[in-house]
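For reference, the structure is listed below as structure tokens.
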Amino acid sequence: MFFAQRFWIWSLLCSLTVATVTAQTTVVVNVTTGSFANEVAWELYDGSGALVAFRNCGDYFDTGSSSSDTLSLNPGEFYTFQALDDWGDGWNGGIYSIERIGGCVIASGAPDDGVPGDGAGSCLVLSIEEEVIFDPLGTISGCTDPASANFNPCATIDDGSCISPAGNDDCTDAILIDIGGCYNGL
């Protein structure tokens, strides 16, 4: 009897499902508008296709204005950011960036797919000018060598782009340039 009770308790404990709570990651969507700011919009969808954040066509008015939207997203989930335009002619010099807190850029761009849109200007039919899929805590490619001239402190994967001074670099106060040689400002 004692064995049966012990086995029953052990079975009960082993069959419990432990729910894990995943802390969300904060990201910031930054937009700086170009010409025709009122044509710009964006949407962010989660992995299931549900709309989780957006800015409507007509939300931006002034050329060169900047906005930041802070979002809490699930790490390990893929999100789709769509940069939209009403006229279909791109963001006309406007730019976006999606950044982690601390300024690490996950994605950025100057949306313009080069395909003419409907030209209606009614905010009823929007063209996707750029689309990017990202994980808020996904890898960021770049140079991970702190001794390199192009070190990226946000990079989590070394992409082989590190630029290091030549082993025989004996120039004083030299500035590293891509074509080799030394430049001391003279």
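Naming scheme: A, B, ... for chains in displayed order of the structure tokens; residues 1 onward per chain; ligands 1 onward as shown.
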Sorted by chain and rising residue number, which residues of segment 44-113 of chain A lie within 9 Å of segment 131-142 of chain A, and what are their closest atom pairs and distances in Å to one decimal, counting only C-alpha atoms, as JSON lines?
{"residue": "A:Leu73", "atom": "CA", "partner": "A:Pro136", "partner_atom": "CA", "distance": 6.9}
{"residue": "A:Asn74", "atom": "CA", "partner": "A:Pro136", "partner_atom": "CA", "distance": 7.2}
{"residue": "A:Pro75", "atom": "CA", "partner": "A:Leu137", "partner_atom": "CA", "distance": 5.4}
{"residue": "A:Gly76", "atom": "CA", "partner": "A:Asp135", "partner_atom": "CA", "distance": 5.8}
{"residue": "A:Glu77", "atom": "CA", "partner": "A:Asp135", "partner_atom": "CA", "distance": 5.7}
{"residue": "A:Phe78", "atom": "CA", "partner": "A:Asp135", "partner_atom": "CA", "distance": 4.6}
{"residue": "A:Tyr79", "atom": "CA", "partner": "A:Phe134", "partner_atom": "CA", "distance": 5.4}
{"residue": "A:Thr80", "atom": "CA", "partner": "A:Ile133", "partner_atom": "CA", "distance": 4.4}
{"residue": "A:Phe81", "atom": "CA", "partner": "A:Val132", "partner_atom": "CA", "distance": 5.3}
{"residue": "A:Gln82", "atom": "CA", "partner": "A:Glu131", "partner_atom": "CA", "distance": 4.5}
{"residue": "A:Ala83", "atom": "CA", "partner": "A:Glu131", "partner_atom": "CA", "distance": 6.3}
{"residue": "A:Leu84", "atom": "CA", "partner": "A:Glu131", "partner_atom": "CA", "distance": 8.9}
{"residue": "A:Glu99", "atom": "CA", "partner": "A:Pro136", "partner_atom": "CA", "distance": 8.6}
{"residue": "A:Arg100", "atom": "CA", "partner": "A:Pro136", "partner_atom": "CA", "distance": 7.4}
{"residue": "A:Cys104", "atom": "CA", "partner": "A:Ile140", "partner_atom": "CA", "distance": 8.6}
{"residue": "A:Val105", "atom": "CA", "partner": "A:Ile140", "partner_atom": "CA", "distance": 8.2}
{"residue": "A:Ile106", "atom": "CA", "partner": "A:Ile140", "partner_atom": "CA", "distance": 6.8}
{"residue": "A:Ala107", "atom": "CA", "partner": "A:Val132", "partner_atom": "CA", "distance": 7.4}
{"residue": "A:Ser108", "atom": "CA", "partner": "A:Val132", "partner_atom": "CA", "distance": 8.9}
{"residue": "A:Pro111", "atom": "CA", "partner": "A:Glu131", "partner_atom": "CA", "distance": 8.7}
### Query
Could you pull the residues within 8 Å of Ser148 of chain A, counting only C-alpha atoms, minus those fewer than 3 positions along the same chain, as a VMD selection string?
chain A and resid 143 145 151 162 to 165
#### Entry: Polymer residues at most 6 Å from segment 53-63 of chain A, only C-alpha atoms, same-chain spacing of 3 or more positions, as a ChimeraX atom specification
/A:33-35,37-44,123
Can you spit out the residues from that selection as a compact mmCIF listing (two decimals), in the first residue's frame, using N, CA and C atoms?
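Dumped everything to result_31.txt:
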# COMPACT_ATOMS: atom_id res chain seq x y z
N THR A 33 10.13 61.35 -41.24
CA THR A 33 9.42 61.48 -42.50
C THR A 33 10.21 62.28 -43.52
N GLY A 34 9.91 62.00 -44.78
CA GLY A 34 10.45 62.77 -45.89
C GLY A 34 9.33 63.65 -46.44
N SER A 35 9.37 63.92 -47.73
CA SER A 35 8.30 64.69 -48.37
C SER A 35 7.01 63.87 -48.35
N ALA A 37 4.71 63.48 -46.00
CA ALA A 37 4.67 62.70 -44.77
C ALA A 37 3.30 62.08 -44.51
N ASN A 38 2.24 62.73 -44.95
CA ASN A 38 0.90 62.24 -44.68
C ASN A 38 0.57 60.95 -45.45
N GLU A 39 1.43 60.53 -46.38
CA GLU A 39 1.21 59.29 -47.15
C GLU A 39 1.83 58.07 -46.47
N VAL A 40 2.62 58.28 -45.42
CA VAL A 40 3.40 57.22 -44.78
C VAL A 40 2.58 56.49 -43.73
N ALA A 41 2.73 55.17 -43.68
CA ALA A 41 2.12 54.34 -42.64
C ALA A 41 3.01 53.12 -42.42
N TRP A 42 2.80 52.43 -41.33
CA TRP A 42 3.48 51.16 -41.10
C TRP A 42 2.61 50.25 -40.25
N GLU A 43 2.86 48.94 -40.38
CA GLU A 43 2.14 47.94 -39.61
C GLU A 43 3.14 46.88 -39.14
N LEU A 44 2.88 46.34 -37.95
CA LEU A 44 3.71 45.28 -37.39
C LEU A 44 2.81 44.11 -37.02
N CYS A 123 -5.67 57.30 -48.91
CA CYS A 123 -5.39 56.45 -47.75
C CYS A 123 -6.26 55.19 -47.72
### Query
Pick from A:Ser72, A:Ala120, A:Asp85, A:Val52: nearest to Phe36 of chain A, with only C-alpha atoms counted?
A:Asp85
### Task
Rank nothing, just name the residue among A:Gly49, A:Gly90, A:Gly103, A:Gly64 nearest to Cys154 of chain A, using only C-alpha atoms.
A:Gly103
### Message
Can you pull out every residue from segment 43-151 of chain A that DSSP, working from the backbone, puts in strand (DSSP E), and format the result as a PyMOL selection string?
### Response
chain A and resi 43-45+51-55+66-73+79-85+95-100+105-109+127-134+141-142
#### Entry: Distance in Å - atom CA of Gly93 of chain A versus atom CA of Ser65 of chain A
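Those two atoms sit 11.6 Å apart.
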### Query
Can you tell me how far atom CA of Ser127 of chain A sits from atom CA of Ala50 of chain A, in Å to one decimal?
18.9 Å
### Query
Near Asp69 of chain A, counting only C-alpha atoms, which residues have an atom at most 10 Å away, once you skip same-chain residues fewer than 2 positions from it, shown as JSON, numbers by chain?
{"A": [27, 28, 29, 30, 31, 53, 54, 55, 67, 71, 98]}
